[in-house]
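> For reference, the file coords-v6.cif (mmCIF, C-alpha atoms and all ligand atoms) is included below:
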data_coords
#
loop_
_atom_site.label_atom_id
_atom_site.label_comp_id
_atom_site.auth_asym_id
_atom_site.auth_seq_id
_atom_site.Cartn_x
_atom_site.Cartn_y
_atom_site.Cartn_z
CA MET A 1 30.39 7.83 12.96
CA LEU A 2 32.97 9.07 15.49
CA LEU A 3 35.52 6.61 14.19
CA GLY A 4 34.82 7.86 10.69
CA HIS A 5 35.49 11.49 11.70
CA ALA A 6 38.72 10.51 13.48
CA GLU A 7 39.83 8.58 10.44
CA SER A 8 39.08 11.60 8.24
CA LEU A 9 41.23 13.80 10.47
CA LEU A 10 44.07 11.33 10.67
CA ARG A 11 44.28 11.12 6.88
CA LEU A 12 45.27 14.79 6.71
CA PHE A 13 48.62 13.92 8.30
CA LEU A 14 49.46 10.75 6.39
CA PRO A 15 51.33 10.46 3.08
CA PRO A 16 48.87 10.44 0.17
CA CYS A 17 47.04 7.14 0.14
CA CYS A 18 44.07 5.84 -1.78
CA PRO A 19 41.04 6.84 0.30
CA LEU A 20 39.47 3.43 -0.31
CA CYS A 21 42.23 0.82 0.06
CA ASP A 22 45.07 2.81 1.69
CA ALA A 23 47.60 1.95 -1.07
CA ARG A 24 50.29 4.62 -1.48
CA LEU A 25 49.36 6.80 -4.44
CA ALA A 26 51.67 7.46 -7.38
CA ASP A 27 52.60 11.15 -7.81
CA ASP A 28 50.03 11.85 -10.52
CA GLU A 29 47.32 10.03 -8.55
CA ALA A 30 48.23 11.95 -5.43
CA ARG A 31 48.18 15.27 -7.24
CA SER A 32 44.64 14.62 -8.37
CA HIS A 33 43.67 13.40 -4.86
CA CYS A 34 41.75 10.61 -6.45
CA PHE A 35 41.67 6.84 -6.17
CA CYS A 36 44.43 4.33 -6.95
CA ALA A 37 44.48 2.51 -10.31
CA LEU A 38 43.27 -0.74 -8.75
CA CYS A 39 40.23 0.87 -7.10
CA ARG A 40 39.46 2.76 -10.30
CA SER A 41 39.61 -0.50 -12.24
CA GLY A 42 36.95 -1.78 -9.82
CA MET A 43 34.58 1.01 -10.92
CA ARG A 44 32.37 0.44 -13.97
CA PHE A 45 32.00 3.86 -15.57
CA LEU A 46 28.84 4.64 -17.51
CA ALA A 47 29.24 4.23 -21.26
CA SER A 48 27.11 3.92 -24.37
CA PRO A 49 24.56 2.60 -24.96
CA CYS A 50 22.47 4.57 -22.51
CA CYS A 51 19.59 7.05 -22.50
CA PRO A 52 21.05 10.46 -23.48
CA ARG A 53 18.51 12.19 -21.26
CA CYS A 54 18.60 10.27 -17.97
CA SER A 55 21.72 8.08 -18.49
CA LEU A 56 19.83 4.84 -17.92
CA PRO A 57 22.36 2.20 -19.05
CA TYR A 58 21.26 -0.51 -21.47
CA PRO A 59 22.56 -4.05 -21.04
CA ALA A 60 23.35 -4.77 -24.71
CA PRO A 61 26.91 -3.69 -25.61
CA GLY A 62 27.63 -2.02 -28.92
CA GLY A 63 24.15 -0.52 -29.42
CA SER A 64 23.55 3.16 -29.91
CA ASP A 65 22.17 5.69 -27.44
CA HIS A 66 18.41 6.18 -27.56
CA LEU A 67 15.73 7.65 -25.31
CA CYS A 68 14.47 5.20 -22.70
CA GLU A 69 10.82 4.28 -22.35
CA THR A 70 10.37 6.59 -19.35
CA CYS A 71 11.84 9.66 -21.07
CA GLN A 72 9.86 8.88 -24.23
CA ARG A 73 6.58 8.69 -22.32
CA GLN A 74 7.10 11.96 -20.52
CA GLU A 75 9.85 14.50 -20.85
CA PRO A 76 11.85 14.79 -17.61
CA PRO A 77 12.03 18.24 -15.93
CA PHE A 78 15.85 18.29 -16.22
CA VAL A 79 17.71 18.80 -19.53
CA TRP A 80 19.95 15.83 -18.81
CA ALA A 81 21.16 13.70 -15.92
CA ALA A 82 24.72 12.34 -16.06
CA ALA A 83 26.45 9.93 -13.70
CA VAL A 84 29.95 8.61 -13.08
CA GLY A 85 29.29 4.90 -13.03
CA HIS A 86 27.21 1.90 -12.08
CA TYR A 87 26.27 1.59 -8.42
CA GLU A 88 28.50 -1.41 -7.72
CA GLY A 89 32.04 -2.39 -6.74
CA ALA A 90 34.52 0.24 -5.56
CA LEU A 91 32.21 3.15 -6.46
CA ARG A 92 29.38 1.72 -4.37
CA GLN A 93 31.83 1.20 -1.49
CA ALA A 94 33.04 4.80 -1.73
CA VAL A 95 29.48 6.18 -1.83
CA GLN A 96 28.41 4.10 1.17
CA ASP A 97 31.48 5.05 3.23
CA PHE A 98 30.88 8.70 2.36
CA LYS A 99 27.16 8.58 3.10
CA PHE A 100 26.90 6.30 6.10
CA GLY A 101 30.45 5.74 7.34
CA GLY A 102 31.29 9.30 8.34
CA ARG A 103 34.10 9.40 5.76
CA LEU A 104 33.67 13.10 5.01
CA ASP A 105 37.20 13.18 3.53
CA LEU A 106 35.83 11.32 0.51
CA ASP A 107 34.18 14.55 -0.68
CA ARG A 108 37.26 15.72 -2.56
CA PRO A 109 38.19 12.47 -4.38
CA LEU A 110 34.54 11.88 -5.27
CA GLY A 111 34.23 15.49 -6.47
CA VAL A 112 37.34 15.01 -8.63
CA LEU A 113 35.87 11.84 -10.08
CA LEU A 114 32.54 13.55 -10.78
CA LEU A 115 34.26 16.42 -12.56
CA GLU A 116 36.51 14.09 -14.51
CA ARG A 117 33.59 12.02 -15.84
CA THR A 118 30.91 14.70 -16.32
CA GLY A 119 32.98 17.91 -16.63
CA ASP A 120 32.53 18.27 -20.40
CA ARG A 121 28.75 18.18 -20.15
CA ILE A 122 28.78 20.50 -17.13
CA ARG A 123 30.93 23.09 -18.94
CA ALA A 124 28.74 22.89 -22.05
CA PHE A 125 25.66 23.46 -19.86
CA ALA A 126 27.37 26.49 -18.23
CA PRO A 127 25.60 26.48 -14.85
CA ASP A 128 25.31 29.57 -12.64
CA LEU A 129 24.78 27.61 -9.45
CA VAL A 130 25.46 24.18 -7.96
CA ILE A 131 22.69 22.94 -5.69
CA ALA A 132 22.57 19.73 -3.65
CA VAL A 133 19.54 17.52 -3.12
CA PRO A 134 18.62 18.51 0.43
CA LEU A 135 17.91 16.31 3.45
CA HIS A 136 14.95 17.09 5.67
CA VAL A 137 16.09 18.85 8.83
CA THR A 138 15.16 15.86 11.05
CA ARG A 139 17.24 13.51 8.90
CA LEU A 140 20.07 16.04 8.94
CA ARG A 141 20.05 15.96 12.73
CA GLU A 142 20.31 12.16 12.72
CA ARG A 143 23.15 12.03 10.23
CA SER A 144 24.82 15.36 11.13
CA TYR A 145 25.80 16.15 7.54
CA ASN A 146 24.31 16.15 4.06
CA GLN A 147 26.69 14.19 1.88
CA SER A 148 25.20 15.67 -1.30
CA LEU A 149 25.99 19.20 -0.11
CA LEU A 150 29.61 18.25 0.64
CA LEU A 151 29.83 16.73 -2.83
CA ALA A 152 28.22 19.80 -4.44
CA ARG A 153 30.79 22.05 -2.74
CA ALA A 154 33.70 19.80 -3.76
CA LEU A 155 32.45 19.97 -7.34
CA ALA A 156 31.67 23.70 -7.34
CA LYS A 157 35.09 24.79 -6.06
CA PRO A 158 37.21 23.87 -9.12
CA LEU A 159 34.41 25.20 -11.35
CA ARG A 160 34.48 28.49 -9.39
CA LEU A 161 30.73 28.37 -8.91
CA PRO A 162 28.66 29.14 -5.82
CA ALA A 163 27.05 26.18 -4.02
CA PRO A 164 24.56 27.81 -1.63
CA ALA A 165 22.85 25.54 0.89
CA ARG A 166 19.36 26.87 1.40
CA LEU A 167 17.92 27.67 -2.01
CA LEU A 168 16.30 24.24 -2.21
CA VAL A 169 14.76 22.69 0.89
CA ARG A 170 12.93 19.49 1.71
CA VAL A 171 9.66 20.61 3.24
CA ARG A 172 8.19 17.18 3.98
CA VAL A 173 9.67 14.07 5.58
CA THR A 174 9.22 11.44 2.91
CA GLY A 175 10.40 8.29 4.66
CA ASN A 176 12.48 5.54 3.15
CA GLN A 177 12.06 5.18 -0.60
CA GLN A 178 13.56 1.72 -0.75
CA GLY A 179 11.23 -0.97 -2.03
CA LEU A 180 8.91 1.53 -3.72
CA THR A 181 8.35 1.53 -7.48
CA GLY A 182 9.19 4.62 -9.52
CA ALA A 183 5.56 5.76 -9.61
CA GLN A 184 5.18 5.24 -5.84
CA ARG A 185 8.40 7.15 -5.22
CA ARG A 186 7.22 10.05 -7.34
CA ARG A 187 3.85 10.13 -5.53
CA ASN A 188 5.62 9.95 -2.16
CA LEU A 189 7.87 12.86 -3.12
CA ARG A 190 5.28 15.14 -4.70
CA ARG A 191 5.74 18.70 -3.45
CA ALA A 192 8.34 17.48 -0.95
CA PHE A 193 10.80 20.17 -2.12
CA CYS A 194 10.58 23.92 -2.35
CA ALA A 195 13.03 26.37 -3.95
CA THR A 196 13.46 30.08 -3.25
CA GLY A 197 13.11 32.85 -5.83
CA GLU A 198 16.90 33.27 -5.82
CA VAL A 199 17.10 30.51 -8.44
CA ALA A 200 14.98 32.57 -10.86
CA LYS A 201 16.54 32.78 -14.35
CA ARG A 202 19.54 30.76 -13.14
CA ARG A 203 20.97 27.66 -14.77
CA VAL A 204 21.18 25.10 -12.00
CA LEU A 205 23.42 22.06 -11.69
CA LEU A 206 21.73 19.68 -9.26
CA VAL A 207 23.95 17.19 -7.37
CA ASP A 208 23.05 13.93 -5.65
CA ASP A 209 24.96 10.79 -4.71
CA VAL A 210 22.92 8.01 -6.33
CA MET A 211 20.21 8.10 -8.97
CA THR A 212 17.91 5.09 -8.77
CA THR A 213 14.55 5.74 -10.44
CA GLY A 214 15.31 9.44 -10.78
CA ALA A 215 12.19 10.38 -8.78
CA THR A 216 14.14 12.51 -6.30
CA VAL A 217 16.15 14.52 -8.85
CA ALA A 218 13.01 14.90 -11.01
CA GLU A 219 11.01 16.28 -8.07
CA CYS A 220 13.87 18.65 -7.10
CA SER A 221 14.16 19.81 -10.72
CA SER A 222 10.41 20.50 -10.82
CA ALA A 223 10.66 22.56 -7.62
CA LEU A 224 13.54 24.59 -9.10
CA ILE A 225 11.63 25.17 -12.35
CA ARG A 226 8.50 26.19 -10.38
CA ALA A 227 10.68 28.78 -8.60
CA GLY A 228 11.78 30.16 -11.97
CA ALA A 229 15.10 28.39 -12.70
CA ALA A 230 16.01 28.68 -16.39
CA GLU A 231 17.19 25.08 -16.77
CA VAL A 232 18.30 22.23 -14.54
CA ALA A 233 20.92 19.57 -15.30
CA VAL A 234 21.75 16.74 -12.91
CA VAL A 235 24.98 14.97 -11.96
CA THR A 236 25.23 11.98 -9.64
CA LEU A 237 28.04 9.65 -8.64
CA ALA A 238 26.22 6.43 -9.37
CA ARG A 239 23.34 5.25 -11.49
CA THR A 240 21.39 2.06 -10.98
CA SER A 241 20.24 0.34 -14.14
CA ARG A 242 16.69 -0.33 -12.97
CA GLN A 243 14.19 0.74 -15.61
CA ALA A 244 11.70 3.00 -13.93
CA ARG A 245 8.46 4.76 -14.71
CA ILE A 246 8.64 8.03 -12.96
CA PHE A 247 8.14 11.19 -14.91
ZN ZN B 1 42.65 2.05 -3.86
ZN ZN B 2 15.79 8.17 -20.04
#
Could the structure of this file be written out as C-alpha cells, please?

Amino acid sequence: MLLGHAESLLRLFLPPCCPLCDARLADDEARSHCFCALCRSGMRFLASPCCPRCSLPYPAPGGSDHLCETCQRQEPPFVWAAAVGHYEGALRQAVQDFKFGGRLDLDRPLGVLLLERTGDRIRAFAPDLVIAVPLHVTRLRERSYNQSLLLARALAKPLRLPAPARLLVRVRVTGNQQGLTGAQRRRNLRRAFCATGEVAKRRVLLVDDVMTTGATVAECSSALIRAGAAEVAVVTLARTSRQARIF
C-alpha cells in the first residue's frame, strides 16, 4: 500500500506516461490523461448484444439487445446500469491496481474512461448527484480509502455535479460476497445500506468499480429509492458476464 502511494506521488513529476504500462503517451493521449493505445486495445469494451437494462453481455455476436432473464423476471430498482467493459485484461488489471494496489492516481484515467464510454447515457439521464457505493467503516479503516468514492469524484468533476460522501452508508458488515450466488448475495445484502433524506426527489447516478451479479448496486438503488430518490442509474468500470438471479 505504501509503495502504491509513493508511486502515485512520483507520477505527478514524470512526463505523461500510461498509468498501466509506463509507455510515453502521445500528445492527444496525454491530454486526455488516459491509457496508451496498446493498453486500450487490451480492454474489451461492452457492446451489443447485451441486456439494455443491466448490461449483461451475451456471448453470441451479431444478435440484438434484449432483456435478460433476471430483468424479465423482476424489474431492477435502477433505470439502467452501464459499464465500460468486460472484467478481464488491461481493464481488470487497472481496477485491481486501483482497488487493492494503492494506485489512487488511477482515479482520473479510469474516470475519463468511464465518461468516454457511458457519458451519452449519463447526460441523457441528467443526474443531480453522483453517489458511490459505500464501504462499511471497518472495511474503510482496513483499506484507508473507498475506491468507488474516488471514482465517483473523478467522474463528477467534468460533469460539474456534486459527489457527496455520506448520503448513502453501509450500515451492516456483509462479509465477502465471493462464491455466493446472486440470490445469496441479495439476501446477504438486504437492508445493508441506508440513504439520507437529502436524496429525496433527486436523480442519482450510482458508481461502483465492478458489477458482478448486480446485487450490490440493486440493494444500494433500493435504499436510495426508499429514501425518496426520483430515479437511480448505475455506472461501473467492469461487468462480469455471469448470468445471475438477483432482483
Ligand atoms: Zn499502456
Ligand atoms: Zn438484465
> So that I can check the surroundings of Glu198 (chain A), please list as an MDAnalysis selection string every protein, DNA and RNA residue that reaches within 10 Å of it, counting all atoms listed in the file and ignoring chain neighbours fewer than 6 positions away.
chainID A and resid 166:168 224 227:229
> Determine the nearest neighbour of Arg143 (chain A) from the options A:Arg117, A:Phe98, A:Lys157, A:Arg191, counting all atoms listed in the file.
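Using all atoms listed in the file, the shortest distance to Arg143 (chain A) belongs to A:Phe98.
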> Counting only C-alpha atoms, what is within 9 Å of region 86-89 of chain A, bar same-chain residues fewer than 5 positions away, as a PyMOL selection string?
chain A and resi 39+42-46+57+94-95+210-211+237-241
> For Cys21 (chain A), work out the shell of residues within 12 Å, counting only C-alpha atoms and skipping chain neighbours fewer than 5 positions away, then give it as a list in words.
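Here the answer would be Pro16, Cys34, Phe35, Cys36, Ala37, Leu38, Cys39, Arg40, Gly42, Ala90, Gln93, Ala94 and Asp97 of chain A.
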> Restricting the output to C-alpha atoms, write the selected residues as a CSV table (one decimal), in the coordinates of the input.

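again-v1.csv, written as the output of this step:
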chain,number,residue,atom,x,y,z
A,16,PRO,CA,48.9,10.4,0.2
A,34,CYS,CA,41.8,10.6,-6.4
A,35,PHE,CA,41.7,6.8,-6.2
A,36,CYS,CA,44.4,4.3,-7.0
A,37,ALA,CA,44.5,2.5,-10.3
A,38,LEU,CA,43.3,-0.7,-8.8
A,39,CYS,CA,40.2,0.9,-7.1
A,40,ARG,CA,39.5,2.8,-10.3
A,42,GLY,CA,37.0,-1.8,-9.8
A,90,ALA,CA,34.5,0.2,-5.6
A,93,GLN,CA,31.8,1.2,-1.5
A,94,ALA,CA,33.0,4.8,-1.7
A,97,ASP,CA,31.5,5.0,3.2
> CA of Leu150 (chain A) and CA of Leu20 (chain A), how far apart in Å?
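A separation of 17.8 Å between them.
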> Report, in Å with one decimal, the straight-line distance from CA of Gly102 (chain A) to CA of Tyr145 (chain A).
8.8 Å
> Give one line per residue of chain A that approaches ligand ZN 2 (chain B) to at most 6 Å, naming the two atoms of the closest pair and their distance in Å to one decimal, counting all atoms listed in the file; sort by chain then ascending residue number and deliver it as CSV.

residue,atom,partner,partner_atom,distance
A:Cys51,CA,B:ZN2,ZN,4.7
A:Arg53,CA,B:ZN2,ZN,5.0
A:Cys54,CA,B:ZN2,ZN,4.1
A:Leu56,CA,B:ZN2,ZN,5.6
A:Leu67,CA,B:ZN2,ZN,5.3
A:Cys68,CA,B:ZN2,ZN,4.2
A:Thr70,CA,B:ZN2,ZN,5.7
A:Cys71,CA,B:ZN2,ZN,4.3
> In Å, how far is it from CA of Ile225 (chain A) to CA of Pro77 (chain A)?
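That distance, rounded to one decimal, is 7.8 Å.
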> Can you work out which one of A:Leu106, A:Val137, A:Val207, A:Val79 has the shortest atom-to-atom distance to Glu231 (chain A), counting only C-alpha atoms?
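Among the listed residues, the smallest separation from Glu231 (chain A) belongs to A:Val79.
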> Rank nothing, just name the residue among A:Ala82, A:Leu91, A:Leu206, A:Cys220 nearest to ligand ZN 1 (chain B), using only C-alpha atoms and all ligand atoms.
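Counting only C-alpha atoms and all ligand atoms, the residue closest to ligand ZN 1 (chain B) is A:Leu91.
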> Go through A:Ala83, A:Leu189, A:Ala30, A:Val173 and flag the residue nearest Ala47 (chain A), using only C-alpha atoms for the distances.
A:Ala83
> Find the residue from A:Val84, A:Leu110, A:Ala218, A:Cys17 that sits nearest to ligand ZN 1 (chain B); use only C-alpha atoms and all ligand atoms when measuring.
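Closest to ligand ZN 1 (chain B) of all the choices is A:Cys17.
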> Quick one: residues within 12 Å of (25.8, 20.9, -4.6) (file frame), counting all atoms listed in the file, please, as a PyMOL selection string.
chain A and resi 107+111+114+127-134+146-157+159+161-168+204-209+233-236
> In terms of the shortest atom-to-atom distance over only C-alpha atoms and all ligand atoms, which of A:Ala60, A:Ala195, A:Ala230, A:Ala26 is closest to ligand ZN 1 (chain B)?
A:Ala26
> What box, with edges along x, y and z, holds each listed atom of region 226-236 of chain A when 8 Å is added on every side, and can you state its centre and edge lengths in Å to one decimal, as lines of an AutoDock Vina configuration file?

center_x = 16.9
center_y = 21.1
center_z = -12.7
size_x = 32.7
size_y = 34.2
size_z = 24.2
> May I ask you to restore N, CA and C atoms in region 88-106 of chain A and write the result as an mmCIF file, in the coordinates of the input?

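Result file follows (selection_27.cif):
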data_model
loop_
_atom_site.group_PDB
_atom_site.id
_atom_site.type_symbol
_atom_site.label_atom_id
_atom_site.label_comp_id
_atom_site.auth_asym_id
_atom_site.auth_seq_id
_atom_site.Cartn_x
_atom_site.Cartn_y
_atom_site.Cartn_z
ATOM 1 N N GLU A 88 27.969 -0.091 -8.069
ATOM 2 C CA GLU A 88 28.500 -1.410 -7.720
ATOM 3 C C GLU A 88 30.006 -1.277 -7.461
ATOM 4 N N GLY A 89 30.589 -2.319 -6.923
ATOM 5 C CA GLY A 89 32.040 -2.390 -6.740
ATOM 6 C C GLY A 89 32.621 -1.248 -5.920
ATOM 7 N N ALA A 90 33.780 -0.764 -6.339
ATOM 8 C CA ALA A 90 34.520 0.240 -5.560
ATOM 9 C C ALA A 90 33.742 1.567 -5.467
ATOM 10 N N LEU A 91 32.969 1.898 -6.492
ATOM 11 C CA LEU A 91 32.210 3.150 -6.460
ATOM 12 C C LEU A 91 31.097 3.081 -5.407
ATOM 13 N N ARG A 92 30.421 1.921 -5.369
ATOM 14 C CA ARG A 92 29.380 1.720 -4.370
ATOM 15 C C ARG A 92 29.973 1.801 -2.955
ATOM 16 N N GLN A 93 31.149 1.174 -2.780
ATOM 17 C CA GLN A 93 31.830 1.200 -1.490
ATOM 18 C C GLN A 93 32.139 2.638 -1.081
ATOM 19 N N ALA A 94 32.687 3.408 -2.025
ATOM 20 C CA ALA A 94 33.040 4.800 -1.730
ATOM 21 C C ALA A 94 31.803 5.614 -1.363
ATOM 22 N N VAL A 95 30.714 5.434 -2.105
ATOM 23 C CA VAL A 95 29.480 6.180 -1.830
ATOM 24 C C VAL A 95 28.938 5.814 -0.454
ATOM 25 N N GLN A 96 28.953 4.527 -0.125
ATOM 26 C CA GLN A 96 28.410 4.100 1.170
ATOM 27 C C GLN A 96 29.269 4.589 2.331
ATOM 28 N N ASP A 97 30.599 4.542 2.164
ATOM 29 C CA ASP A 97 31.480 5.050 3.230
ATOM 30 C C ASP A 97 31.264 6.546 3.441
ATOM 31 N N PHE A 98 31.081 7.254 2.333
ATOM 32 C CA PHE A 98 30.880 8.700 2.360
ATOM 33 C C PHE A 98 29.538 9.041 3.018
ATOM 34 N N LYS A 99 28.520 8.270 2.667
ATOM 35 C CA LYS A 99 27.160 8.580 3.100
ATOM 36 C C LYS A 99 26.869 8.110 4.516
ATOM 37 N N PHE A 100 27.281 6.888 4.816
ATOM 38 C CA PHE A 100 26.900 6.300 6.100
ATOM 39 C C PHE A 100 28.080 6.062 7.037
ATOM 40 N N GLY A 101 29.301 6.098 6.522
ATOM 41 C CA GLY A 101 30.450 5.740 7.340
ATOM 42 C C GLY A 101 31.186 6.930 7.940
ATOM 43 N N GLY A 102 30.647 8.126 7.773
ATOM 44 C CA GLY A 102 31.290 9.300 8.340
ATOM 45 C C GLY A 102 32.584 9.684 7.633
ATOM 46 N N ARG A 103 32.846 9.101 6.470
ATOM 47 C CA ARG A 103 34.100 9.400 5.760
ATOM 48 C C ARG A 103 33.949 10.684 4.927
ATOM 49 N N LEU A 104 33.880 11.799 5.664
ATOM 50 C CA LEU A 104 33.670 13.100 5.010
ATOM 51 C C LEU A 104 34.824 13.453 4.078
ATOM 52 N N ASP A 105 36.013 12.880 4.361
ATOM 53 C CA ASP A 105 37.200 13.180 3.530
ATOM 54 C C ASP A 105 37.050 12.644 2.112
ATOM 55 N N LEU A 106 36.031 11.827 1.868
ATOM 56 C CA LEU A 106 35.830 11.320 0.510
ATOM 57 C C LEU A 106 35.210 12.377 -0.414
#
